Amino acid sequence: MRNYIFRRVLMFVPTVLLLSIIVFFIIQLPPGDYITSYVSRMSAEGEIFTSEDIAKLRQQYGLDKPWYVQYFMWMKNIITKGDFGYSFAYNRPVWTVIMSRLPLTVIITLIIMIFTYLVSLPIGIYSALHQYSVGDFVFTAFGFLGIATPNFLLAIILMYISFKWTGDPLLGLFSEEILREGLNINNLGSFLRHMIIPIIVIGTDSTCGVIRTVRARCLMKLQGSMC
């Protein structure tokens, strides 16, 4: 187990670096940048920019350099200073934007993980112990259907069902009350209700794969014990 974890960590680092390079490169592909949109927006409000002003802004934000130089500087600041840069969209440091969303992301991930294993483990074990039974065929069909159904389509179907039954399509994680007052004990029930569709949609995709894996592993164990 220790060697397995060590190998996974070693694979994690180059994978993240490769993905960051690809994403950074793709972001640079469309014409224009932040300075272009900023100058256009301010010009529409009546402010005048000369070519020298624009050049100084590009130099100030490092946008006058090739994309690979920008990437290297960005990674250098992350590694040496823990500085992820500044978000022009939110007008604050990127790290504060990440931290404002990280707790909720962790909570949702844990809930989905618990849902996945609470559902998939019993079903996988049952299918292995009752191989080729009616229940096994039903759960197998459910597994293939869950894997084959696109997440966005399942989400639309569930939102339609929710709207027909309750009059509320449960769009998004936050109701208007939560957006207005923030998440607190009084609107926790509303938040959990809005969590139902994301949990089912994301959890079902993972659950179906785990069911197939658990079933196959259990069958291998059972066949090995019979030999």
# chains A, B, ... in the order shown; residues from 1 in each chain; ligands from 1
>>> residues_around(residues="Asp53 of chain A", least_positions_apart="6", cutoff="12 Å", atoms="only C-alpha atoms", output="list in words")
Ile35, Thr36, Val39, Glu47, Gln59 and Gln60 of chain A
>>> residues_around(residues="Leu154 of chain A", least_positions_apart="3", cutoff="12 Å", atoms="only C-alpha atoms", output="ChimeraX atom specification")
/A:145-151,157-161,197-205
>>> residues_around(residues="segment 94-97 of chain A", least_positions_apart="3", cutoff="9 Å", atoms="only C-alpha atoms", output="list in words")
Gly82, Asp83, Phe84, Gly85, Tyr86, Ser87, Tyr90, Asn91, Ser100, Arg101 and Leu102 of chain A
>>> atom_distance(atom1="atom CA of Gln70 of chain A", atom2="atom CA of Phe24 of chain A")
9.2 Å
>>> select_by_dssp(residues="segment 55-189 of chain A", states="helix (DSSP H, G or I)", output="ChimeraX atom specification")
/A:55-60,67-81,94-129,134-148,151-166,176-181,185-189
>>> atom_distance(atom1="atom CA of Phe25 of chain A", atom2="atom CA of Tyr71 of chain A")
8.7 Å
>>> atom_distance(atom1="atom CA of Ala55 of chain A", atom2="atom CA of Gly32 of chain A")
13.5 Å
>>> closest_atom_pairs(of="segment 53-146 of chain A", to="segment 211-219 of chain A", cutoff="10 Å", atoms="only C-alpha atoms", output="JSON lines")
{"residue": "A:Thr116", "atom": "CA", "partner": "A:Ile211", "partner_atom": "CA", "distance": 9.3}
{"residue": "A:Tyr117", "atom": "CA", "partner": "A:Ile211", "partner_atom": "CA", "distance": 8.9}
{"residue": "A:Val119", "atom": "CA", "partner": "A:Ile211", "partner_atom": "CA", "distance": 8.5}
{"residue": "A:Ser120", "atom": "CA", "partner": "A:Ile211", "partner_atom": "CA", "distance": 4.9}
{"residue": "A:Leu121", "atom": "CA", "partner": "A:Ile211", "partner_atom": "CA", "distance": 6.6}
{"residue": "A:Pro122", "atom": "CA", "partner": "A:Ile211", "partner_atom": "CA", "distance": 8.6}
{"residue": "A:Ile123", "atom": "CA", "partner": "A:Ile211", "partner_atom": "CA", "distance": 6.5}
{"residue": "A:Gly124", "atom": "CA", "partner": "A:Arg215", "partner_atom": "CA", "distance": 4.5}
{"residue": "A:Ile125", "atom": "CA", "partner": "A:Arg215", "partner_atom": "CA", "distance": 5.9}
{"residue": "A:Tyr126", "atom": "CA", "partner": "A:Arg215", "partner_atom": "CA", "distance": 8.0}
{"residue": "A:Ser127", "atom": "CA", "partner": "A:Arg215", "partner_atom": "CA", "distance": 6.2}
{"residue": "A:Ala128", "atom": "CA", "partner": "A:Arg215", "partner_atom": "CA", "distance": 5.0}
{"residue": "A:Leu129", "atom": "CA", "partner": "A:Leu219", "partner_atom": "CA", "distance": 7.8}
{"residue": "A:Gln131", "atom": "CA", "partner": "A:Leu219", "partner_atom": "CA", "distance": 8.5}
{"residue": "A:Asp136", "atom": "CA", "partner": "A:Arg215", "partner_atom": "CA", "distance": 9.6}
{"residue": "A:Phe139", "atom": "CA", "partner": "A:Ile211", "partner_atom": "CA", "distance": 8.6}
{"residue": "A:Thr140", "atom": "CA", "partner": "A:Arg212", "partner_atom": "CA", "distance": 7.8}
{"residue": "A:Phe142", "atom": "CA", "partner": "A:Ile211", "partner_atom": "CA", "distance": 9.9}
{"residue": "A:Gly143", "atom": "CA", "partner": "A:Ile211", "partner_atom": "CA", "distance": 7.2}
{"residue": "A:Phe144", "atom": "CA", "partner": "A:Arg212", "partner_atom": "CA", "distance": 9.1}
>>> select_by_dssp(residues="segment 62-129 of chain A", states="strand (DSSP E or B)", output="ChimeraX atom specification")
/A:86-87,92-93
>>> write_last_selection(atoms="N, CA and C atoms", output="compact mmCIF listing (two decimals), in the first residue's frame")
# COMPACT_ATOMS: atom_id res chain seq x y z
N TYR A 86 -3.29 37.25 -9.42
CA TYR A 86 -4.41 38.14 -9.10
C TYR A 86 -5.54 37.91 -10.10
N SER A 87 -6.75 37.77 -9.58
CA SER A 87 -7.91 37.55 -10.43
C SER A 87 -8.49 38.88 -10.88
N ARG A 92 -9.40 40.40 -6.81
CA ARG A 92 -8.74 39.99 -5.56
C ARG A 92 -7.80 38.84 -5.86
N PRO A 93 -6.89 38.51 -4.93
CA PRO A 93 -5.93 37.43 -5.17
C PRO A 93 -6.63 36.10 -5.47
>>> closest_residue(among="A:Met75, A:Ile48, A:Ala89, A:Met42", to="Ser20 of chain A", atoms="only C-alpha atoms")
A:Met75
>>> closest_atom_pairs(of="segment 56-146 of chain A", to="segment 163-177 of chain A", cutoff="12 Å", atoms="only C-alpha atoms", output="CSV")
residue,atom,partner,partner_atom,distance
A:Leu104,CA,A:Leu173,CA,10.3
A:Thr105,CA,A:Leu173,CA,11.3
A:Ile108,CA,A:Leu173,CA,10.2
>>> decode(residues="segment 106-124 of chain A", atoms="N, CA, C and O atoms", output="PDB file, in the first residue's frame")
ATOM      1  N   VAL A 106     -15.079  20.636  -0.746  1.00  0.00           N
ATOM      2  CA  VAL A 106     -14.701  19.465   0.050  1.00  0.00           C
ATOM      3  C   VAL A 106     -15.941  18.790   0.636  1.00  0.00           C
ATOM      4  O   VAL A 106     -16.071  17.556   0.617  1.00  0.00           O
ATOM      5  N   ILE A 107     -16.883  19.581   1.136  1.00  0.00           N
ATOM      6  CA  ILE A 107     -18.109  19.027   1.720  1.00  0.00           C
ATOM      7  C   ILE A 107     -18.901  18.250   0.674  1.00  0.00           C
ATOM      8  O   ILE A 107     -19.343  17.113   0.915  1.00  0.00           O
ATOM      9  N   ILE A 108     -19.074  18.850  -0.502  1.00  0.00           N
ATOM     10  CA  ILE A 108     -19.832  18.192  -1.566  1.00  0.00           C
ATOM     11  C   ILE A 108     -19.137  16.914  -2.010  1.00  0.00           C
ATOM     12  O   ILE A 108     -19.773  15.871  -2.225  1.00  0.00           O
ATOM     13  N   THR A 109     -17.806  16.971  -2.129  1.00  0.00           N
ATOM     14  CA  THR A 109     -17.046  15.783  -2.544  1.00  0.00           C
ATOM     15  C   THR A 109     -17.193  14.656  -1.538  1.00  0.00           C
ATOM     16  O   THR A 109     -17.374  13.486  -1.915  1.00  0.00           O
ATOM     17  N   LEU A 110     -17.116  14.977  -0.251  1.00  0.00           N
ATOM     18  CA  LEU A 110     -17.265  13.951   0.792  1.00  0.00           C
ATOM     19  C   LEU A 110     -18.661  13.334   0.778  1.00  0.00           C
ATOM     20  O   LEU A 110     -18.815  12.121   0.917  1.00  0.00           O
ATOM     21  N   ILE A 111     -19.682  14.184   0.604  1.00  0.00           N
ATOM     22  CA  ILE A 111     -21.051  13.678   0.571  1.00  0.00           C
ATOM     23  C   ILE A 111     -21.240  12.737  -0.616  1.00  0.00           C
ATOM     24  O   ILE A 111     -21.843  11.665  -0.489  1.00  0.00           O
ATOM     25  N   ILE A 112     -20.721  13.133  -1.781  1.00  0.00           N
ATOM     26  CA  ILE A 112     -20.844  12.295  -2.979  1.00  0.00           C
ATOM     27  C   ILE A 112     -20.073  10.991  -2.805  1.00  0.00           C
ATOM     28  O   ILE A 112     -20.538   9.912  -3.205  1.00  0.00           O
ATOM     29  N   MET A 113     -18.894  11.062  -2.175  1.00  0.00           N
ATOM     30  CA  MET A 113     -18.109   9.848  -1.949  1.00  0.00           C
ATOM     31  C   MET A 113     -18.834   8.897  -1.011  1.00  0.00           C
ATOM     32  O   MET A 113     -18.882   7.673  -1.250  1.00  0.00           O
ATOM     33  N   ILE A 114     -19.427   9.426   0.072  1.00  0.00           N
ATOM     34  CA  ILE A 114     -20.184   8.590   1.002  1.00  0.00           C
ATOM     35  C   ILE A 114     -21.379   7.951   0.295  1.00  0.00           C
ATOM     36  O   ILE A 114     -21.653   6.756   0.446  1.00  0.00           O
ATOM     37  N   PHE A 115     -22.088   8.750  -0.495  1.00  0.00           N
ATOM     38  CA  PHE A 115     -23.230   8.229  -1.258  1.00  0.00           C
ATOM     39  C   PHE A 115     -22.791   7.112  -2.200  1.00  0.00           C
ATOM     40  O   PHE A 115     -23.443   6.060  -2.290  1.00  0.00           O
ATOM     41  N   THR A 116     -21.678   7.328  -2.883  1.00  0.00           N
ATOM     42  CA  THR A 116     -21.182   6.354  -3.864  1.00  0.00           C
ATOM     43  C   THR A 116     -20.915   5.006  -3.214  1.00  0.00           C
ATOM     44  O   THR A 116     -21.372   3.961  -3.701  1.00  0.00           O
ATOM     45  N   TYR A 117     -20.197   5.003  -2.102  1.00  0.00           N
ATOM     46  CA  TYR A 117     -19.813   3.735  -1.483  1.00  0.00           C
ATOM     47  C   TYR A 117     -20.950   3.093  -0.688  1.00  0.00           C
ATOM     48  O   TYR A 117     -21.025   1.863  -0.607  1.00  0.00           O
ATOM     49  N   LEU A 118     -21.829   3.902  -0.118  1.00  0.00           N
ATOM     50  CA  LEU A 118     -22.979   3.328   0.588  1.00  0.00           C
ATOM     51  C   LEU A 118     -23.902   2.593  -0.375  1.00  0.00           C
ATOM     52  O   LEU A 118     -24.541   1.603  -0.009  1.00  0.00           O
ATOM     53  N   VAL A 119     -23.977   3.079  -1.609  1.00  0.00           N
ATOM     54  CA  VAL A 119     -24.850   2.450  -2.595  1.00  0.00           C
ATOM     55  C   VAL A 119     -24.134   1.322  -3.328  1.00  0.00           C
ATOM     56  O   VAL A 119     -24.679   0.227  -3.513  1.00  0.00           O
ATOM     57  N   SER A 120     -22.895   1.565  -3.746  1.00  0.00           N
ATOM     58  CA  SER A 120     -22.221   0.630  -4.651  1.00  0.00           C
ATOM     59  C   SER A 120     -21.708  -0.629  -3.952  1.00  0.00           C
ATOM     60  O   SER A 120     -21.790  -1.728  -4.525  1.00  0.00           O
ATOM     61  N   LEU A 121     -21.182  -0.509  -2.746  1.00  0.00           N
ATOM     62  CA  LEU A 121     -20.631  -1.695  -2.072  1.00  0.00           C
ATOM     63  C   LEU A 121     -21.676  -2.776  -1.815  1.00  0.00           C
ATOM     64  O   LEU A 121     -21.458  -3.942  -2.168  1.00  0.00           O
ATOM     65  N   PRO A 122     -22.826  -2.455  -1.204  1.00  0.00           N
ATOM     66  CA  PRO A 122     -23.825  -3.517  -0.992  1.00  0.00           C
ATOM     67  C   PRO A 122     -24.327  -4.119  -2.310  1.00  0.00           C
ATOM     68  O   PRO A 122     -24.511  -5.337  -2.407  1.00  0.00           O
ATOM     69  N   ILE A 123     -24.542  -3.272  -3.324  1.00  0.00           N
ATOM     70  CA  ILE A 123     -25.040  -3.780  -4.603  1.00  0.00           C
ATOM     71  C   ILE A 123     -23.997  -4.669  -5.270  1.00  0.00           C
ATOM     72  O   ILE A 123     -24.323  -5.739  -5.813  1.00  0.00           O
ATOM     73  N   GLY A 124     -22.733  -4.240  -5.249  1.00  0.00           N
ATOM     74  CA  GLY A 124     -21.679  -5.043  -5.857  1.00  0.00           C
ATOM     75  C   GLY A 124     -21.519  -6.395  -5.193  1.00  0.00           C
ATOM     76  O   GLY A 124     -21.350  -7.420  -5.863  1.00  0.00           O
TER      77      GLY A 124
END
